[in-house]
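Q: One file is attached below, protein.txt, containing compact mmCIF, C-alpha atoms.
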# COMPACT_ATOMS: atom_id res chain seq x y z
CA MET F 1097 37.48 124.16 80.23
CA ARG F 1098 40.91 122.54 80.69
CA ARG F 1099 42.38 122.48 84.18
CA LYS F 1100 45.75 124.05 84.86
CA LEU F 1101 48.38 121.39 85.30
CA ILE F 1102 50.55 123.71 87.34
CA ASN F 1103 49.08 124.74 90.67
CA THR F 1104 50.47 125.96 93.98
CA ASN F 1105 51.51 122.47 95.06
CA SER F 1106 53.34 121.90 91.78
CA ILE F 1107 55.28 125.14 92.22
CA ILE F 1108 56.21 124.14 95.78
CA PHE F 1109 57.38 120.74 94.57
CA ILE F 1110 59.42 122.34 91.77
CA VAL F 1111 61.05 124.69 94.27
CA PHE F 1112 61.98 121.75 96.54
CA ILE F 1113 63.26 119.75 93.56
CA ALA F 1114 65.45 122.70 92.54
CA ILE F 1115 66.72 123.23 96.09
CA PHE F 1116 67.66 119.60 96.69
CA THR F 1117 69.14 119.24 93.20
CA LEU F 1118 71.28 122.31 93.91
CA VAL F 1119 72.25 120.94 97.33
CA SER F 1120 73.21 117.61 95.71
CA TYR F 1121 75.32 119.39 93.09
CA VAL F 1122 77.06 121.57 95.69
CA SER F 1123 77.68 118.50 97.87
CA ASP F 1124 79.17 116.61 94.91
CA GLN F 1125 81.50 119.51 94.18
CA GLY F 1126 82.40 119.63 97.85
CA VAL F 1127 83.20 115.91 97.81
CA ILE F 1128 85.51 116.42 94.81
CA ARG F 1129 87.27 119.29 96.58
CA GLN F 1130 87.62 117.35 99.83
CA GLU F 1131 88.99 114.33 97.95
CA ASP F 1132 91.66 116.63 96.54
CA ASN F 1133 92.37 118.02 100.03
CA LEU F 1134 92.43 114.50 101.43
CA ARG F 1135 94.89 113.41 98.75
CA LYS F 1136 97.17 116.34 99.62
CA SER F 1137 96.85 115.56 103.31
CA ASP F 1138 97.66 111.87 102.68
CA ILE F 1139 100.80 112.95 100.84
CA LYS F 1140 101.81 115.13 103.82
CA VAL F 1141 101.16 112.23 106.20
CA ASP F 1142 103.27 109.89 104.03
CA ASN F 1143 106.08 112.46 103.78
CA LEU F 1144 106.10 113.08 107.53
CA THR F 1145 106.00 109.34 108.24
CA THR F 1146 108.99 108.86 105.93
CA LYS F 1147 110.85 111.74 107.59
CA ILE F 1148 110.18 110.33 111.05
CA TYR F 1149 111.45 106.93 109.95
CA THR F 1150 114.57 108.53 108.45
CA VAL F 1151 115.47 110.71 111.44
CA ASP F 1152 114.66 107.90 113.89
CA THR F 1153 116.94 105.60 111.91
CA MET F 1154 119.74 108.18 112.04
CA SER F 1155 119.17 108.81 115.72
CA ASN F 1156 119.35 105.06 116.39
CA GLN F 1157 122.53 104.83 114.31
CA PHE F 1158 124.16 107.62 116.31
CA LEU F 1159 122.96 106.06 119.56
CA ALA F 1160 124.33 102.65 118.57
CA LEU F 1161 127.61 104.26 117.48
CA ASN F 1162 127.87 106.10 120.78
CA ASP F 1163 127.34 102.85 122.66
CA PHE F 1164 129.96 101.18 120.51
CA SER F 1165 132.51 103.98 121.02
CA LEU F 1166 131.92 104.05 124.77
CA GLU F 1167 132.20 100.28 125.13
CA THR F 1168 135.31 100.28 122.93
CA VAL F 1169 137.02 102.97 124.99
CA ILE F 1170 136.22 101.18 128.25
CA GLU F 1171 137.45 97.83 126.92
CA LEU F 1172 140.65 99.23 125.40
CA ASN F 1173 141.40 101.29 128.49
CA ARG F 1174 140.95 98.21 130.65
CA LYS F 1175 143.47 96.25 128.57
CA GLN F 1176 145.86 99.19 128.20
CA LEU F 1177 147.35 98.90 131.67
CA PHE F 1178 147.58 95.11 131.53
CA TRP F 1179 149.96 95.05 128.57
CA ILE F 1180 152.31 97.75 129.77
CA LYS F 1181 152.49 96.25 133.26
CA SER F 1182 153.23 92.80 131.87
CA LEU F 1183 155.96 94.20 129.66
CA ILE F 1184 157.61 96.32 132.35
CA LEU F 1185 157.61 93.53 134.91
CA LEU F 1186 158.93 90.86 132.53
CA GLU F 1187 161.34 92.86 130.38
CA LYS F 1188 164.88 92.24 131.69
CA ASP F 1189 166.05 95.70 130.60
CA SER F 1190 163.27 97.38 132.56
CA ASP F 1191 164.03 99.20 135.81
CA TYR F 1192 160.91 97.59 137.26
CA SER F 1193 161.49 94.00 136.14
CA ASP F 1194 160.38 91.28 138.53
CA THR F 1195 163.17 88.71 138.70
CA LYS F 1196 161.03 86.18 140.50
CA MET F 1197 158.36 86.30 137.80
CA ILE F 1198 160.97 86.10 135.06
CA ASN F 1199 162.63 83.05 136.60
CA ASN F 1200 159.26 81.26 136.81
CA ILE F 1201 158.68 81.55 133.07
CA ILE F 1202 159.45 78.28 131.25
CA ASP F 1203 159.98 79.75 127.76
CA TYR F 1204 160.96 83.37 128.28
CA GLU F 1205 161.54 84.32 124.64
CA TYR F 1206 158.23 82.88 123.50
CA THR F 1207 156.35 84.54 126.36
CA MET F 1208 157.91 87.96 125.69
CA LYS F 1209 157.15 87.78 121.98
CA LYS F 1210 153.56 86.88 122.77
CA ILE F 1211 153.24 89.81 125.21
CA LYS F 1212 154.85 92.25 122.78
CA LYS F 1213 152.64 91.13 119.91
CA GLY F 1214 149.60 91.37 122.18
CA PHE F 1215 150.73 94.88 123.16
CA LEU F 1216 151.07 95.92 119.50
CA SER F 1217 147.77 94.23 118.61
CA HIS F 1218 146.08 96.31 121.30
CA TYR F 1219 147.67 99.47 119.92
CA LEU F 1220 146.54 98.61 116.37
CA ASP F 1221 143.03 97.87 117.69
CA ILE F 1222 142.90 101.46 118.92
CA LEU F 1223 143.81 102.77 115.46
CA VAL F 1224 141.37 100.45 113.69
CA ASN F 1225 138.47 101.15 116.05
CA THR F 1226 139.05 104.88 115.80
CA MET F 1227 138.76 104.69 112.03
CA GLU F 1228 135.72 102.44 112.24
CA ILE F 1229 133.89 104.96 114.44
CA VAL F 1230 134.86 107.81 112.12
CA ASP F 1231 133.77 105.87 109.02
CA ARG F 1232 130.42 104.87 110.51
CA PHE F 1233 129.81 108.43 111.71
CA GLU F 1234 130.61 109.96 108.33
CA LEU F 1235 128.65 107.30 106.47
CA VAL F 1236 125.43 108.49 108.13
CA HIS F 1237 126.19 111.99 106.84
CA ARG F 1238 126.98 110.84 103.32
CA TRP F 1239 123.79 108.78 103.00
CA ASN F 1240 121.62 111.59 104.38
CA ASP F 1241 123.29 114.63 102.85
CA GLN F 1242 120.00 116.60 102.77
CA TYR F 1243 120.26 116.91 106.56
CA PHE F 1244 123.97 117.84 106.52
CA LYS F 1245 124.30 120.41 103.75
CA ASP F 1246 127.02 122.29 105.64
CA TYR F 1247 129.15 119.16 105.60
CA PHE F 1248 129.52 119.20 101.81
CA ASP F 1249 131.15 121.65 99.40
CA ASP F 1250 129.62 123.10 96.23
CA GLN F 1251 130.65 120.03 94.23
CA GLY F 1252 128.99 117.69 96.72
CA TYR F 1253 132.21 116.40 98.28
CA TYR F 1254 132.25 115.66 101.99
CA LYS F 1255 134.40 118.25 103.74
CA GLU F 1256 133.36 118.32 107.38
CA GLU F 1257 135.46 116.12 109.63
CA LYS F 1258 134.05 116.55 113.12
CA LEU F 1259 135.78 113.50 114.57
CA ASN F 1260 139.53 113.89 114.82
CA TRP F 1261 141.33 111.00 113.17
CA ASP F 1262 144.53 112.85 112.34
CA PHE F 1263 146.86 110.55 114.27
CA GLU F 1264 149.96 112.47 113.23
CA ASN F 1265 148.66 115.72 114.69
CA ILE F 1266 147.75 113.93 117.91
CA PHE F 1267 151.32 112.66 118.06
CA LYS F 1268 152.81 116.09 117.32
CA ASP F 1269 150.54 117.86 119.83
CA ASN F 1270 152.02 115.66 122.55
CA LEU F 1271 155.56 115.39 121.20
CA ASP F 1272 157.23 116.26 124.49
CA TYR F 1273 155.96 113.05 126.08
CA PHE F 1274 157.71 110.73 123.64
CA ASN F 1275 161.21 109.34 123.81
CA LEU F 1276 161.53 108.88 120.06
CA LYS F 1277 159.87 111.83 118.38
CA ASN F 1278 159.32 110.09 115.06
CA TYR F 1279 155.68 109.51 114.12
CA ASN F 1280 156.55 107.35 111.11
CA TYR F 1281 158.29 104.84 113.34
CA TYR F 1282 155.06 104.18 115.23
CA TYR F 1283 152.50 104.39 112.43
CA VAL F 1284 151.94 101.65 111.41
CA PRO F 1285 154.78 99.40 112.67
CA ASP F 1286 155.76 96.10 111.12
CA VAL F 1287 154.84 93.88 114.06
CA ASP F 1288 157.53 91.22 113.63
CA LYS F 1289 160.24 93.75 112.91
CA PHE F 1290 159.16 95.96 115.78
CA VAL F 1291 159.17 93.02 118.22
CA ASP F 1292 162.73 92.14 117.19
CA GLU F 1293 164.14 95.67 117.28
CA ALA F 1294 162.13 97.85 119.67
CA THR F 1295 163.38 98.82 123.12
CA ILE F 1296 161.34 99.25 126.27
CA ASP F 1297 161.33 103.01 125.57
CA ASN F 1298 159.67 102.38 122.20
CA TYR F 1299 156.95 100.38 123.91
CA LEU F 1300 156.50 103.14 126.44
CA ASP F 1301 156.05 105.56 123.54
CA ILE F 1302 153.35 103.35 122.07
CA TYR F 1303 151.69 103.16 125.48
CA ILE F 1304 151.75 106.96 125.73
CA PHE F 1305 150.50 107.34 122.16
CA SER F 1306 147.72 104.82 122.87
CA HIS F 1307 146.74 106.85 125.91
CA PHE F 1308 146.28 110.03 123.84
CA LEU F 1309 144.48 108.11 121.09
CA LEU F 1310 142.02 106.75 123.64
CA LYS F 1311 141.51 110.23 125.08
CA ASN F 1312 140.77 111.40 121.57
CA MET F 1313 138.30 108.54 121.11
CA GLU F 1314 136.58 109.56 124.34
CA SER F 1315 135.92 112.98 122.83
CA PHE F 1316 133.85 111.31 120.08
CA TYR F 1317 131.02 110.63 122.51
CA GLU F 1318 129.91 114.25 122.94
CA ILE F 1319 130.21 115.01 119.24
CA ILE F 1320 128.16 111.97 118.19
CA ASN F 1321 125.65 112.66 120.97
CA GLU F 1322 125.05 116.17 119.58
CA ASP F 1323 123.78 114.64 116.34
CA ASN F 1324 121.77 112.09 118.28
CA ILE F 1325 120.06 114.84 120.30
CA ARG F 1326 119.49 116.91 117.17
CA PHE F 1327 117.65 114.10 115.39
CA SER F 1328 115.74 113.09 118.50
CA LYS F 1329 114.38 116.64 118.64
CA LEU F 1330 113.70 116.58 114.91
CA SER F 1331 111.80 113.31 115.31
CA LEU F 1332 109.65 114.88 118.03
CA GLU F 1333 109.02 117.93 115.83
CA TYR F 1334 107.96 115.75 112.87
CA SER F 1335 105.81 113.61 115.17
CA ASN F 1336 103.95 116.70 116.40
CA LEU F 1337 103.42 117.84 112.81
CA LEU F 1338 102.18 114.36 111.93
CA ASP F 1339 99.71 114.41 114.82
CA GLU F 1340 98.40 117.78 113.65
CA GLU F 1341 98.13 116.58 110.06
CA LEU F 1342 96.29 113.42 111.15
CA VAL F 1343 93.72 115.62 112.90
CA VAL F 1344 93.35 117.64 109.69
CA ASN F 1345 93.16 114.43 107.67
CA LYS F 1346 90.43 113.05 109.92
CA SER F 1347 88.50 116.33 109.74
CA ILE F 1348 88.68 116.34 105.93
CA SER F 1349 87.59 112.70 105.79
CA SER F 1350 84.64 113.41 108.11
CA LEU F 1351 83.59 116.43 106.04
CA LYS F 1352 83.85 114.38 102.85
CA ASN F 1353 81.68 111.62 104.33
CA PHE F 1354 79.15 114.22 105.47
CA LEU F 1355 79.01 115.76 102.00
CA VAL F 1356 78.59 112.32 100.40
CA LEU F 1357 75.70 111.62 102.76
CA ALA F 1358 74.22 115.06 102.11
CA SER F 1359 74.44 114.47 98.37
CA ILE F 1360 72.70 111.08 98.63
CA ILE F 1361 69.94 112.42 100.88
CA SER F 1362 69.46 115.46 98.61
CA GLN F 1363 69.17 113.22 95.54
CA ILE F 1364 66.61 111.04 97.33
CA LEU F 1365 64.60 114.07 98.44
CA SER F 1366 64.85 115.60 94.98
CA LEU F 1367 63.54 112.35 93.49
CA PHE F 1368 60.85 112.19 96.18
CA PHE F 1369 59.53 115.67 95.37
CA LEU F 1370 59.78 114.90 91.67
CA LEU F 1371 57.47 111.93 92.23
CA LEU F 1372 55.12 114.14 94.25
CA PHE F 1373 55.21 116.67 91.43
CA PHE F 1374 54.16 114.06 88.81
CA ARG F 1375 51.54 112.69 91.18
CA ASN F 1376 50.14 116.15 91.65
CA ILE F 1377 49.99 116.63 87.88
CA LEU F 1378 48.11 113.36 87.51
CA ILE F 1379 45.63 114.33 90.19
CA VAL F 1380 45.08 117.76 88.67
CA SER F 1381 44.67 116.38 85.18
CA VAL F 1382 41.94 113.90 86.19
Using structure tokens, write down the structure from this file.
A:
Amino acid sequence: MRRKLINTNSIIFIVFIAIFTLVSYVSDQGVIRQEDNLRKSDIKVDNLTTKIYTVDTMSNQFLALNDFSLETVIELNRKQLFWIKSLILLEKDSDYSDTKMINNIIDYEYTMKKIKKGFLSHYLDILVNTMEIVDRFELVHRWNDQYFKDYFDDQGYYKEEKLNWDFENIFKDNLDYFNLKNYNYYYVPDVDKFVDEATIDNYLDIYIFSHFLLKNMESFYEIINEDNIRFSKLSLEYSNLLDEELVVNKSISSLKNFLVLASIISQILSLFFLLLFFRNILIVSV
């Protein structure tokens, strides 16, 4: 009589083979799913890293621009008084001229021209630096328009001018302080012609205008700093999101590694019980 090849042990081995084969299959599917989740998480990490770099760059640009504007205002303010004092004390038509100083000058005409040109150069520096700050400020907006959507119209043209560079309006808003109430005469003067024709009152007007222009430049600091603070906060927000995503990324990676290990162990155990199954068949068949 032939022996049965399938006994209780064989059935047990078959059950274990089926269980571990199923566990291996489920683990493999889990690995595939976690790889997809890990890929999505990696994309989020890359996007957040890029965003942090972008907002940090903008924040640094605003910070550097604020430093530049502050240093420029301090430097121009420091020189402002020097030029007007020199001109008042050395100009013969001035009520405050210092005769002793004038008499000690070897070449009076040359010295006065040099002082007047230096005075006008200082005034033009204020205009140029004002525009430089405005241009650098607006350039950050134009290159990062996705963060400044309110600054652009429907056609994509830049419309928001937060820094005041309307020199004519500044002049008109303070018109009562000027002797000659003609903006076009002072913006932008022909230096050589102005030096030859201008009176002490004209220079006083430029001094007064320079004063209001520097006050206007001082107001840039708070406006630029608002954007700096905004992007510093945004950087912190993105950094927190990145930290959270890195935790998720690490968790997914750990789960994936666990499933890979589970799949390998399950395959080994499945193969092990398969060998026991064949061994049992051989024993039974003898």
Q: Calculate how many Å separate CA of Tyr1282 (chain F) from CA of Glu1234 (chain F), rounding to one decimal.
A: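 Taking CA of Tyr1282 (chain F) as the start and CA of Glu1234 (chain F) as the end point, the length is 26.1 Å.
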Q: Choose the residue, out of F:Leu1370, F:Pro1285, F:Asn1105, F:Ser1350, that has the smallest atom-to-atom separation from Glu1131 (chain F); count all atoms listed in the file.
A: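 Checking each candidate against Glu1131 (chain F), we get F:Ser1350 as the closest.
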Q: Taking all atoms listed in the file into account, name the residue in F:Asp1142, F:Glu1205, F:Glu1228, F:Asp1189 that is nearest to Met1313 (chain F).
A: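 Answer, going by the shortest atom-to-atom distance: F:Glu1228.
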Q: Tell me which protein, DNA and RNA residues are within 10 Å of Arg1129 (chain F), counting all atoms listed in the file, leaving out same-chain ones fewer than 5 positions away, and put them as a tab-separated table (two decimals) with C-alpha atoms, in the coordinates of the input.
A:
chain	number	residue	atom	x	y	z
F	1123	SER	CA	77.68	118.50	97.87
F	1124	ASP	CA	79.17	116.61	94.91
F	1134	LEU	CA	92.43	114.50	101.43
F	1135	ARG	CA	94.89	113.41	98.75
F	1348	ILE	CA	88.68	116.34	105.93
F	1352	LYS	CA	83.85	114.38	102.85
Q: Can you find the residues with an atom no farther than 12 Å from (108.4, 108.5, 111.8), counting only C-alpha atoms, and report them as an NGL selection string?
A: :F and (1141-1155 or 1327-1328 or 1330-1339)
Q: Separation of CA of Lys1346 (chain F) and CA of Tyr1121 (chain F), in Å?
A: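 One can read the CA of Lys1346 (chain F) to CA of Tyr1121 (chain F) distance as 23.5 Å.
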Q: Can you list, as a list in words, every protein, DNA or RNA residue that comes within 12 Å of Leu1177 (chain F) when you count all atoms listed in the file, leaving out same-chain residues fewer than 6 positions away?
A: Ile1170, Glu1171, Leu1183, Ile1184, Phe1215, His1218, Tyr1219, Leu1300, Tyr1303, Ile1304, Ser1306 and His1307 of chain F
Q: Given all atoms listed in the file as the basis, pick out the residue of F:Asn1260, F:Gln1176, F:Asn1275, F:Asn1240 nearest to Asp1221 (chain F).
A: F:Gln1176
Q: Which value, in Å to one decimal, gives the distance between CA of Leu1118 (chain F) and CA of Gln1363 (chain F)?
A: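 One can read the CA of Leu1118 (chain F) to CA of Gln1363 (chain F) distance as 9.5 Å.
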Q: I'd like to know which of F:Ile1377, F:Tyr1243, F:Leu1342, F:Ser1366 is closest to Lys1136 (chain F), using all atoms listed in the file.
A: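 Answer, going by the shortest atom-to-atom distance: F:Leu1342.
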Q: For Gly1214 (chain F), list every protein, DNA or RNA residue within 12 Å, evaluated using only C-alpha atoms, and leave out those in the same chain fewer than 5 positions away; present the list as a PyMOL selection string.
A: chain F and resi 1175-1176+1178-1180+1182-1183+1207-1209+1219-1221+1287-1288+1291+1299
Q: Just want the 12 Å neighbourhood of Asp1163 (chain F), counted on all atoms listed in the file, with same-chain residues fewer than 4 positions away dropped. Output as a list in words.
A: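 Residues near the query, excluding close chain neighbours: Asn1156, Gln1157, Phe1158, Leu1159, Glu1167, Thr1168, Val1169, Ile1170, Ile1229, Glu1314, Phe1316, Tyr1317, Glu1318, Ile1320, Asn1321 and Asn1324 of chain F.
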Q: Would you mind exporting C-alpha atoms of the selected residues as a JSON list (two decimals), in the coordinates of the input?
A:
[["chain", "number", "residue", "atom", "x", "y", "z"],
["F", 1156, "ASN", "CA", 119.35, 105.06, 116.39],
["F", 1157, "GLN", "CA", 122.53, 104.83, 114.31],
["F", 1158, "PHE", "CA", 124.16, 107.62, 116.31],
["F", 1159, "LEU", "CA", 122.96, 106.06, 119.56],
["F", 1167, "GLU", "CA", 132.20, 100.28, 125.13],
["F", 1168, "THR", "CA", 135.31, 100.28, 122.93],
["F", 1169, "VAL", "CA", 137.02, 102.97, 124.99],
["F", 1170, "ILE", "CA", 136.22, 101.18, 128.25],
["F", 1229, "ILE", "CA", 133.89, 104.96, 114.44],
["F", 1314, "GLU", "CA", 136.58, 109.56, 124.34],
["F", 1316, "PHE", "CA", 133.85, 111.31, 120.08],
["F", 1317, "TYR", "CA", 131.02, 110.63, 122.51],
["F", 1318, "GLU", "CA", 129.91, 114.25, 122.94],
["F", 1320, "ILE", "CA", 128.16, 111.97, 118.19],
["F", 1321, "ASN", "CA", 125.65, 112.66, 120.97],
["F", 1324, "ASN", "CA", 121.77, 112.09, 118.28]]
Q: When you look at Phe1368 (chain F) with a cut-off of 10 Å (counting all atoms listed in the file), what residues show up, excluding the ones that are within fewer than 6 positions of it in the same chain? I need them as a list of chain:residue names.
A: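 After dropping sequence-adjacent residues, the list is F:Phe1109, F:Phe1112, F:Ile1113, F:Ser1362.
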Q: Around region 1319-1329 of chain F, fit a box with edges along x, y and z, padding it by 4 Å on each side, then list its centre and edge lengths in Å to one decimal as JSON.
A:
{"center_x": 122.3, "center_y": 114.4, "center_z": 118.2, "size_x": 23.8, "size_y": 12.9, "size_z": 13.6}
Q: Which of these residues is nearest to Asn1270 (chain F), using all atoms listed in the file: F:Tyr1253, F:Phe1308, F:Phe1233, F:Phe1248?
A: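 So, comparing all the options, the nearest one is F:Phe1308.
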Q: Smallest atom-to-atom distance to Ser1165 (chain F): which of F:Gln1130, F:Thr1226, F:Asn1200, F:Asn1353, using only C-alpha atoms?
A: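 So, comparing all the options, the nearest one is F:Thr1226.
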